Amino acid sequence: MADGMLTLSADFDEATEADWLAAVENALKGGGIDRITRKTRDGLAIRPLYRDTDFESSRDLRGAPGSAPYLRGARSEPAPYLPWDICQTFSHPDPAVTNEEILRDLERGVTAVHLAIECSGERGCIITNFEQLETALSGVRADIATIGLGHRGAGSGASVAALLALWADQQDDPSAQKLEFNISTTRQLMFNGKVSGGVDVSMARTAALTRVLSKKFPAATCLAIDGQTPHEAGGSEAQELGVMIADAVDTLRRLAAAGLPADQAAKQLVFKVAIDANYGIGIAKLRAARRLWARVQEALSIDPHPMKLHVITSARMLTRYDAWVNILRATAACFAAATGGADRITVRALNESFSVPEELGRRIARNTQIMAMEESGLGRVADPSGGAWFTETFSEDLAQAAWAEFQQIESEGGLVESLIAGHVQARIADKRAALMKDVARRKIPVTGVSEFPLLDEIAAPVAEVTSPTPGSGVDPIGLKTLLPDFAPNDGDDTIADPLTWISIAEPFEALRDRSEDHLASTGARPAIFLAPLGPLAEHTARADFARNLFAAGGIEAKSAPVPPKSISELAAAFQASGCQIAVLCGADKRYAEDAADAAAALKTAGVRTLWLAGKYEADNVDRHIFVGCDVVHELTMAITDLGV
């Protein structure tokens with residue numbers, strides 16, 4: 001053991017920041033630090049170096065963990081146990097099977113249940129009456145594990161919430177029931193594009209129901225604020241947060257008009273936030289959200305209280321092909337949620353994007369959180385990212401950008417009016433188009449799909465689902481019991497264009513689907529011939545690039561058993577391959593010498609369409625692939641040319 005502190009940098013010469021910047025400029029051959037500064041989709045800079053002076057201006061706003069205005073979270077000390085709720089979503093259409101899954105997962109570490117309800121059974125559990133809800137929750141103790149609702153059908157979810165209230169009222173101690181009713185009118189408008197009876201009627205019902213539920217169940221929360229839908233629709237980080245804060249303000253404003261004071265309603269809010277695999281930005285997003293909520297409470301003269309954050313791992317980042325990579329994505333998002341101070345975390349199952357998750361998918365999702373909590377000890381430090389120069393600086397930048405989006409929505413009359421007019425949808429559509437363009441060009445890689453695809457992958461398991469008879473709607477008996485004097489939906493429906501959830505992998509997976517269908521019907525995959533020029537050392541890099549690129553569309557790359565030594569051998573190898581299209585692969589110097597002759601020989605040998613890996617122009621070369629090209633377009637041309 002050393003007697004003193006071991007200084008790891010002791011053997012190195014002292015270096016100043018100016019020395020570092022000079023070294024960067026030298027490495028970039030005269031380029032400045034701006035060359036390695038990248039920008040987010042909101043135009044926010046992510047620099048390679050941050051200093052403590054970068055967040056000096058916001059230092060006095062941060063405070064201490066656990067102190068108002070709770071910018072650094074609600075906990076002032078490390079959590080001795082359960083730093084966040086481990087939440088699991090249950091969506092099997094059969095209430096009896098759902099009950100078995102809930103009880104099994106509660107025994108294995110889950111501490112919060114998210115019951116996804118949808119009357120048709122296509123996207124959730126079929127619960128349309130009190131008996132089905134009793135079946136789904138039989139043996140579940142809501143005084144121990146939180147029960148939250150996710151209503152995926154039409155309406156605000158008030159009828160589903162009222163059914164849960166009837167169930168909770170029959171438990172031994174109703175006042176101890178930890179419930180998350182998640183009533184949200186604006187989420188229904190964003191997700192479904194329609195609020196039956198109109199927003200005003202729905203908000204009035206929500207206000208009346210919240211007053212009743214908050215008195216009956218003091219351990220519960222009633223209202224959900226949606227930052228998840230703009231994320232899943234392709235919005236940027238600033239748009240997600242801006243829409244979420246606009247949702248909170250619009251909801252508080254409309255509930256106050258319906259007789260529920262803002263300070264009372266604010267205590268009932270749970271903010272739903274989606275986090276993807278970029279954990280640096282994810283942590284900053286949660287910190288920015290708390291800054292925004294603190295500012296809103298200050299502006300509305302509401303006594304500050306902690307923001308309740310329910311973080312759900314992103315659905316748009318999940319893939320259907322090579323779904324095992326979803327485990328890594330979810331792990332990174334879980335880390336961001338835990339480090340960023342989430343109160344409740346839902347990790348999506350690896351197979352949720354293409355099936356009802358079965359036991360393996362739910363087990364891995366559950367254990368991801370347990371390992372983060374118990375083995376990695378992510379809850380043993382209060383505000384672990386606090387003081388990190390990048391996190392503090394970028395959180396402030398993101399909060400400012402989100403506040404600008406919020407102010408824009410306010411200038412349009414608030415979130416509901418902006419949605420009705422289509423302003424929010426148009427701005428998100430612009431960001432979504434830019435996102436999908438970057439995905440198509442592989443500037444945003446999707447591992448296992450657009451990059452490093454496995455054509456012979458081992459598929460993830462799926463659940464065997466036999467759906468019970470779907471229902472037409474939720475029985476309003478709960479609402480009639482809790483609000484006997486409330487008027488029915490007799491107003492005009494509020495209509496807006498819905499924010500449709502996307503999958504960033506979908507353009508590539510649609511091509512893979514065509515390939516898989518072709519394989520199933522013919523016994524062979526569509527294929528392209530790799531036509532190498534020059535020795536192995538010259539063409540390997542571009543051959544590997546081409547193989548990986550075409551595999552992203554489900555197109556197998558075939559090559560000669562022995563590398564051709566001449567152009568005539570290359571043409572003969574193509575004919576022997578049985579392919580119809582080919583791609584030339586070689587070094588630029590070799591292209592200058594042989595590309596034109598090789599292309600002519602391949603066309604004579606029967607190549608229908610000839611690609612070249614690189615940007616070199618030559619006669620008889622039809623198309624090019626290179627870093628930054630529109631890969632989806634090139635793959636579409638190839639697979640269509642093959643008649644698939």
# chains A, B, ... in the order shown; residues from 1 in each chain; ligands from 1
>>> residues_around(residues="stretch 13-27 of chain A", least_positions_apart="3", cutoff="12 Å", atoms="only C-alpha atoms", output="list in words")
Leu8, Ser9, Ala10, Gly30, Gly31, Gly32, Ile33, Asp34, Arg35, Ile36, Pro48, Leu49, Tyr50 and Arg51 of chain A
>>> write_last_selection(atoms="all heavy atoms", output="short mmCIF file (atom, residue, chain, number, x, y, z; two decimals), in the first residue's frame")
data_model
loop_
_atom_site.label_atom_id
_atom_site.label_comp_id
_atom_site.auth_asym_id
_atom_site.auth_seq_id
_atom_site.Cartn_x
_atom_site.Cartn_y
_atom_site.Cartn_z
N LEU A 8 -2.12 9.93 -10.57
CA LEU A 8 -1.94 9.20 -11.83
C LEU A 8 -1.25 10.05 -12.89
O LEU A 8 -0.63 9.52 -13.80
CB LEU A 8 -3.30 8.72 -12.34
CG LEU A 8 -4.03 7.71 -11.44
CD1 LEU A 8 -5.38 7.35 -12.05
CD2 LEU A 8 -3.19 6.45 -11.26
N SER A 9 -1.35 11.38 -12.78
CA SER A 9 -0.75 12.24 -13.81
C SER A 9 0.64 12.72 -13.44
O SER A 9 1.22 13.56 -14.12
CB SER A 9 -1.65 13.46 -14.03
OG SER A 9 -1.79 14.20 -12.83
N ALA A 10 1.21 12.16 -12.36
CA ALA A 10 2.48 12.67 -11.85
C ALA A 10 3.62 12.51 -12.86
O ALA A 10 4.56 13.30 -12.89
CB ALA A 10 2.84 11.97 -10.54
N GLY A 30 -4.43 21.86 -38.94
CA GLY A 30 -4.78 23.27 -39.07
C GLY A 30 -6.23 23.58 -38.79
O GLY A 30 -6.61 24.75 -38.68
N GLY A 31 -7.07 22.57 -38.69
CA GLY A 31 -8.48 22.81 -38.40
C GLY A 31 -8.69 23.14 -36.94
O GLY A 31 -7.99 22.63 -36.07
N GLY A 32 -9.65 23.99 -36.65
CA GLY A 32 -9.94 24.36 -35.28
C GLY A 32 -10.87 23.37 -34.61
O GLY A 32 -11.31 22.37 -35.21
N ILE A 33 -11.19 23.67 -33.34
CA ILE A 33 -12.02 22.77 -32.55
C ILE A 33 -13.44 22.67 -33.11
O ILE A 33 -14.16 21.71 -32.86
CB ILE A 33 -12.04 23.24 -31.08
CG1 ILE A 33 -12.52 22.11 -30.17
CG2 ILE A 33 -12.88 24.49 -30.91
CD1 ILE A 33 -12.37 22.43 -28.70
N ASP A 34 -13.82 23.66 -33.93
CA ASP A 34 -15.16 23.62 -34.52
C ASP A 34 -15.35 22.42 -35.43
O ASP A 34 -16.47 21.95 -35.64
CB ASP A 34 -15.44 24.91 -35.31
CG ASP A 34 -15.61 26.11 -34.39
OD1 ASP A 34 -15.86 25.90 -33.19
OD2 ASP A 34 -15.50 27.25 -34.88
N ARG A 35 -14.24 21.90 -35.96
CA ARG A 35 -14.35 20.76 -36.87
C ARG A 35 -14.81 19.49 -36.17
O ARG A 35 -15.33 18.58 -36.80
CB ARG A 35 -13.00 20.52 -37.57
CG ARG A 35 -12.70 21.51 -38.68
CD ARG A 35 -11.43 21.14 -39.41
NE ARG A 35 -11.45 19.78 -39.93
CZ ARG A 35 -10.40 19.19 -40.50
NH1 ARG A 35 -9.24 19.84 -40.58
NH2 ARG A 35 -10.49 17.95 -40.95
N ILE A 36 -14.58 19.41 -34.87
CA ILE A 36 -15.03 18.23 -34.12
C ILE A 36 -16.15 18.60 -33.14
O ILE A 36 -16.39 17.88 -32.17
CB ILE A 36 -13.85 17.56 -33.38
CG1 ILE A 36 -13.06 18.56 -32.55
CG2 ILE A 36 -12.95 16.85 -34.35
CD1 ILE A 36 -11.95 17.91 -31.73
N PRO A 48 -16.24 19.17 -27.91
CA PRO A 48 -15.36 18.11 -27.38
C PRO A 48 -14.77 18.44 -26.02
O PRO A 48 -14.22 17.57 -25.36
CB PRO A 48 -14.27 18.01 -28.44
CG PRO A 48 -14.22 19.37 -29.06
CD PRO A 48 -15.64 19.87 -29.06
N LEU A 49 -14.88 19.71 -25.58
CA LEU A 49 -14.29 20.11 -24.31
C LEU A 49 -15.23 21.08 -23.60
O LEU A 49 -15.74 22.02 -24.22
CB LEU A 49 -12.93 20.79 -24.53
CG LEU A 49 -12.23 21.33 -23.28
CD1 LEU A 49 -11.79 20.16 -22.39
CD2 LEU A 49 -11.03 22.19 -23.66
N TYR A 50 -15.45 20.83 -22.31
CA TYR A 50 -16.27 21.73 -21.48
C TYR A 50 -15.47 22.13 -20.25
O TYR A 50 -14.62 21.39 -19.76
CB TYR A 50 -17.58 21.04 -21.07
CG TYR A 50 -18.57 20.93 -22.20
CD1 TYR A 50 -18.49 19.87 -23.10
CD2 TYR A 50 -19.57 21.88 -22.38
CE1 TYR A 50 -19.37 19.77 -24.16
CE2 TYR A 50 -20.46 21.79 -23.44
CZ TYR A 50 -20.36 20.74 -24.31
OH TYR A 50 -21.24 20.64 -25.35
N ARG A 51 -15.77 23.33 -19.75
CA ARG A 51 -15.08 23.87 -18.58
C ARG A 51 -16.12 24.19 -17.50
O ARG A 51 -17.30 24.34 -17.80
CB ARG A 51 -14.34 25.15 -18.95
CG ARG A 51 -13.54 25.07 -20.24
CD ARG A 51 -13.19 26.47 -20.74
NE ARG A 51 -12.45 26.47 -21.97
CZ ARG A 51 -12.99 26.37 -23.19
NH1 ARG A 51 -14.29 26.22 -23.32
NH2 ARG A 51 -12.23 26.40 -24.26
#
>>> select_by_dssp(residues="stretch 538-583 of chain A", states="alpha helix (DSSP H)", output="PyMOL selection string")
chain A and resi 538-551+567-577
>>> write_last_selection(atoms="N, CA, C and O atoms", output="CSV table (one decimal), in the first residue's frame")
chain,number,residue,atom,x,y,z
A,538,GLU,N,-6.2,-4.2,-51.6
A,538,GLU,CA,-6.7,-3.0,-52.2
A,538,GLU,C,-8.3,-3.0,-52.1
A,538,GLU,O,-8.9,-2.0,-51.9
A,539,HIS,N,-8.9,-4.2,-52.3
A,539,HIS,CA,-10.3,-4.1,-52.5
A,539,HIS,C,-11.1,-4.6,-51.2
A,539,HIS,O,-12.3,-4.4,-51.2
A,540,THR,N,-10.4,-5.1,-50.2
A,540,THR,CA,-11.1,-5.6,-49.0
A,540,THR,C,-12.0,-4.6,-48.3
A,540,THR,O,-13.2,-4.9,-48.0
A,541,ALA,N,-11.5,-3.4,-48.1
A,541,ALA,CA,-12.3,-2.4,-47.4
A,541,ALA,C,-13.6,-2.1,-48.1
A,541,ALA,O,-14.6,-2.1,-47.4
A,542,ARG,N,-13.5,-1.8,-49.4
A,542,ARG,CA,-14.7,-1.5,-50.1
A,542,ARG,C,-15.6,-2.7,-50.3
A,542,ARG,O,-16.8,-2.6,-50.4
A,543,ALA,N,-15.0,-3.9,-50.4
A,543,ALA,CA,-15.9,-5.1,-50.6
A,543,ALA,C,-16.7,-5.3,-49.3
A,543,ALA,O,-17.9,-5.6,-49.3
A,544,ASP,N,-16.0,-5.1,-48.1
A,544,ASP,CA,-16.7,-5.3,-46.8
A,544,ASP,C,-17.8,-4.2,-46.7
A,544,ASP,O,-18.9,-4.5,-46.2
A,545,PHE,N,-17.5,-3.0,-47.1
A,545,PHE,CA,-18.4,-1.9,-47.1
A,545,PHE,C,-19.7,-2.3,-47.9
A,545,PHE,O,-20.8,-2.1,-47.5
A,546,ALA,N,-19.4,-2.8,-49.1
A,546,ALA,CA,-20.6,-3.1,-50.0
A,546,ALA,C,-21.4,-4.3,-49.5
A,546,ALA,O,-22.6,-4.3,-49.5
A,547,ARG,N,-20.7,-5.3,-48.9
A,547,ARG,CA,-21.4,-6.5,-48.4
A,547,ARG,C,-22.3,-6.0,-47.2
A,547,ARG,O,-23.4,-6.4,-47.2
A,548,ASN,N,-21.8,-5.2,-46.4
A,548,ASN,CA,-22.6,-4.7,-45.2
A,548,ASN,C,-23.7,-3.9,-45.7
A,548,ASN,O,-24.9,-4.0,-45.2
A,549,LEU,N,-23.5,-3.0,-46.7
A,549,LEU,CA,-24.5,-2.1,-47.1
A,549,LEU,C,-25.7,-2.9,-47.8
A,549,LEU,O,-26.9,-2.6,-47.5
A,550,PHE,N,-25.4,-3.8,-48.7
A,550,PHE,CA,-26.5,-4.5,-49.4
A,550,PHE,C,-27.2,-5.5,-48.4
A,550,PHE,O,-28.4,-5.7,-48.6
A,551,ALA,N,-26.5,-6.0,-47.4
A,551,ALA,CA,-27.1,-6.9,-46.5
A,551,ALA,C,-28.2,-6.1,-45.7
A,551,ALA,O,-29.1,-6.7,-45.2
A,567,ILE,N,-9.7,-9.3,-65.8
A,567,ILE,CA,-11.0,-8.8,-66.1
A,567,ILE,C,-11.8,-10.0,-66.7
A,567,ILE,O,-13.0,-10.1,-66.4
A,568,SER,N,-11.2,-10.8,-67.5
A,568,SER,CA,-12.0,-11.9,-68.1
A,568,SER,C,-12.4,-12.9,-67.1
A,568,SER,O,-13.5,-13.4,-67.1
A,569,GLU,N,-11.5,-13.2,-66.1
A,569,GLU,CA,-11.9,-14.1,-65.0
A,569,GLU,C,-13.0,-13.4,-64.2
A,569,GLU,O,-13.9,-14.2,-63.7
A,570,LEU,N,-13.0,-12.1,-64.0
A,570,LEU,CA,-14.0,-11.4,-63.3
A,570,LEU,C,-15.4,-11.6,-63.9
A,570,LEU,O,-16.4,-11.9,-63.3
A,571,ALA,N,-15.4,-11.5,-65.3
A,571,ALA,CA,-16.7,-11.6,-66.0
A,571,ALA,C,-17.2,-13.1,-65.9
A,571,ALA,O,-18.4,-13.3,-65.8
A,572,ALA,N,-16.2,-14.0,-66.0
A,572,ALA,CA,-16.6,-15.4,-65.9
A,572,ALA,C,-17.1,-15.8,-64.5
A,572,ALA,O,-18.1,-16.5,-64.4
A,573,ALA,N,-16.5,-15.2,-63.5
A,573,ALA,CA,-17.0,-15.4,-62.1
A,573,ALA,C,-18.4,-14.9,-61.9
A,573,ALA,O,-19.2,-15.5,-61.2
A,574,PHE,N,-18.7,-13.7,-62.6
A,574,PHE,CA,-20.0,-13.2,-62.5
A,574,PHE,C,-21.0,-14.1,-63.1
A,574,PHE,O,-22.1,-14.4,-62.5
A,575,GLN,N,-20.8,-14.6,-64.3
A,575,GLN,CA,-21.7,-15.5,-64.9
A,575,GLN,C,-21.9,-16.8,-64.1
A,575,GLN,O,-23.0,-17.3,-64.1
A,576,ALA,N,-20.9,-17.3,-63.5
A,576,ALA,CA,-21.0,-18.5,-62.7
A,576,ALA,C,-21.8,-18.2,-61.4
A,576,ALA,O,-22.4,-19.2,-60.8
A,577,SER,N,-21.9,-17.0,-60.9
A,577,SER,CA,-22.6,-16.7,-59.7
A,577,SER,C,-24.1,-16.8,-59.8
A,577,SER,O,-24.8,-17.0,-58.7
>>> residues_around(residues="stretch 281-285 of chain A", least_positions_apart="5", cutoff="8 Å", atoms="only C-alpha atoms", output="PyMOL selection string")
chain A and resi 237+241+275-276+333+336-337+339-340+385+391-392+394-395+398
>>> atom_distance(atom1="atom CA of A:Arg41", atom2="atom CA of A:Asn278")
13.1 Å
>>> residues_around(residues="A:Leu519", least_positions_apart="5", cutoff="12 Å", atoms="only C-alpha atoms", output="ChimeraX atom specification")
/A:455-456,512-514,524-527,554-556,644
>>> closest_atom_pairs(of="stretch 170-207 of chain A", to="stretch 472-486 of chain A", cutoff="12 Å", atoms="only C-alpha atoms", output="JSON lines")
{"residue": "A:Val201", "atom": "CA", "partner": "A:Phe486", "partner_atom": "CA", "distance": 9.9}
{"residue": "A:Ser202", "atom": "CA", "partner": "A:Phe486", "partner_atom": "CA", "distance": 11.0}
{"residue": "A:Ala204", "atom": "CA", "partner": "A:Phe486", "partner_atom": "CA", "distance": 9.2}
{"residue": "A:Arg205", "atom": "CA", "partner": "A:Phe486", "partner_atom": "CA", "distance": 7.3}
{"residue": "A:Thr206", "atom": "CA", "partner": "A:Leu483", "partner_atom": "CA", "distance": 10.5}
{"residue": "A:Ala207", "atom": "CA", "partner": "A:Leu483", "partner_atom": "CA", "distance": 11.0}
>>> closest_residue(among="A:Phe529, A:Trp324, A:Phe130, A:Trp84", to="A:Gly578", atoms="only C-alpha atoms")
A:Phe529
>>> atom_distance(atom1="atom CA of A:Glu358", atom2="atom CA of A:Ala112")
18.0 Å
>>> closest_atom_pairs(of="stretch 131-152 of chain A", to="stretch 215-234 of chain A", cutoff="12 Å", atoms="only C-alpha atoms", output="Markdown table")
| residue | atom | partner | partner_atom | distance |
| --- | --- | --- | --- | --- |
| A:Ala142 | CA | A:Ala220 | CA | 10.1 |
| A:Asp143 | CA | A:Ala219 | CA | 8.9 |
| A:Ile144 | CA | A:Ala219 | CA | 11.2 |
| A:Ala145 | CA | A:Ala219 | CA | 11.6 |
| A:Thr146 | CA | A:Ala220 | CA | 8.6 |
| A:Ile147 | CA | A:Ala220 | CA | 9.3 |
| A:Gly148 | CA | A:Thr221 | CA | 9.3 |
| A:Leu149 | CA | A:Ala224 | CA | 10.0 |
| A:Gly150 | CA | A:Ala224 | CA | 9.9 |
| A:His151 | CA | A:Ala224 | CA | 11.3 |
>>> write_last_selection(atoms="C-alpha atoms", output="JSON list (two decimals), in the first residue's frame")
[["chain", "number", "residue", "atom", "x", "y", "z"],
["A", 142, "ALA", "CA", -51.65, -1.85, -4.75],
["A", 143, "ASP", "CA", -50.61, -0.80, -1.26],
["A", 144, "ILE", "CA", -47.24, -2.46, -2.03],
["A", 145, "ALA", "CA", -46.79, -2.08, -5.81],
["A", 146, "THR", "CA", -47.98, 0.92, -7.78],
["A", 147, "ILE", "CA", -50.61, 0.17, -10.43],
["A", 148, "GLY", "CA", -50.61, 2.52, -13.40],
["A", 149, "LEU", "CA", -52.94, 2.64, -16.37],
["A", 150, "GLY", "CA", -52.15, 3.06, -20.03],
["A", 151, "HIS", "CA", -55.30, 3.52, -22.11]]
>>> closest_residue(among="A:Gly471, A:Arg441, A:Ile504, A:Thr7", to="A:Asn129", atoms="only C-alpha atoms")
A:Gly471
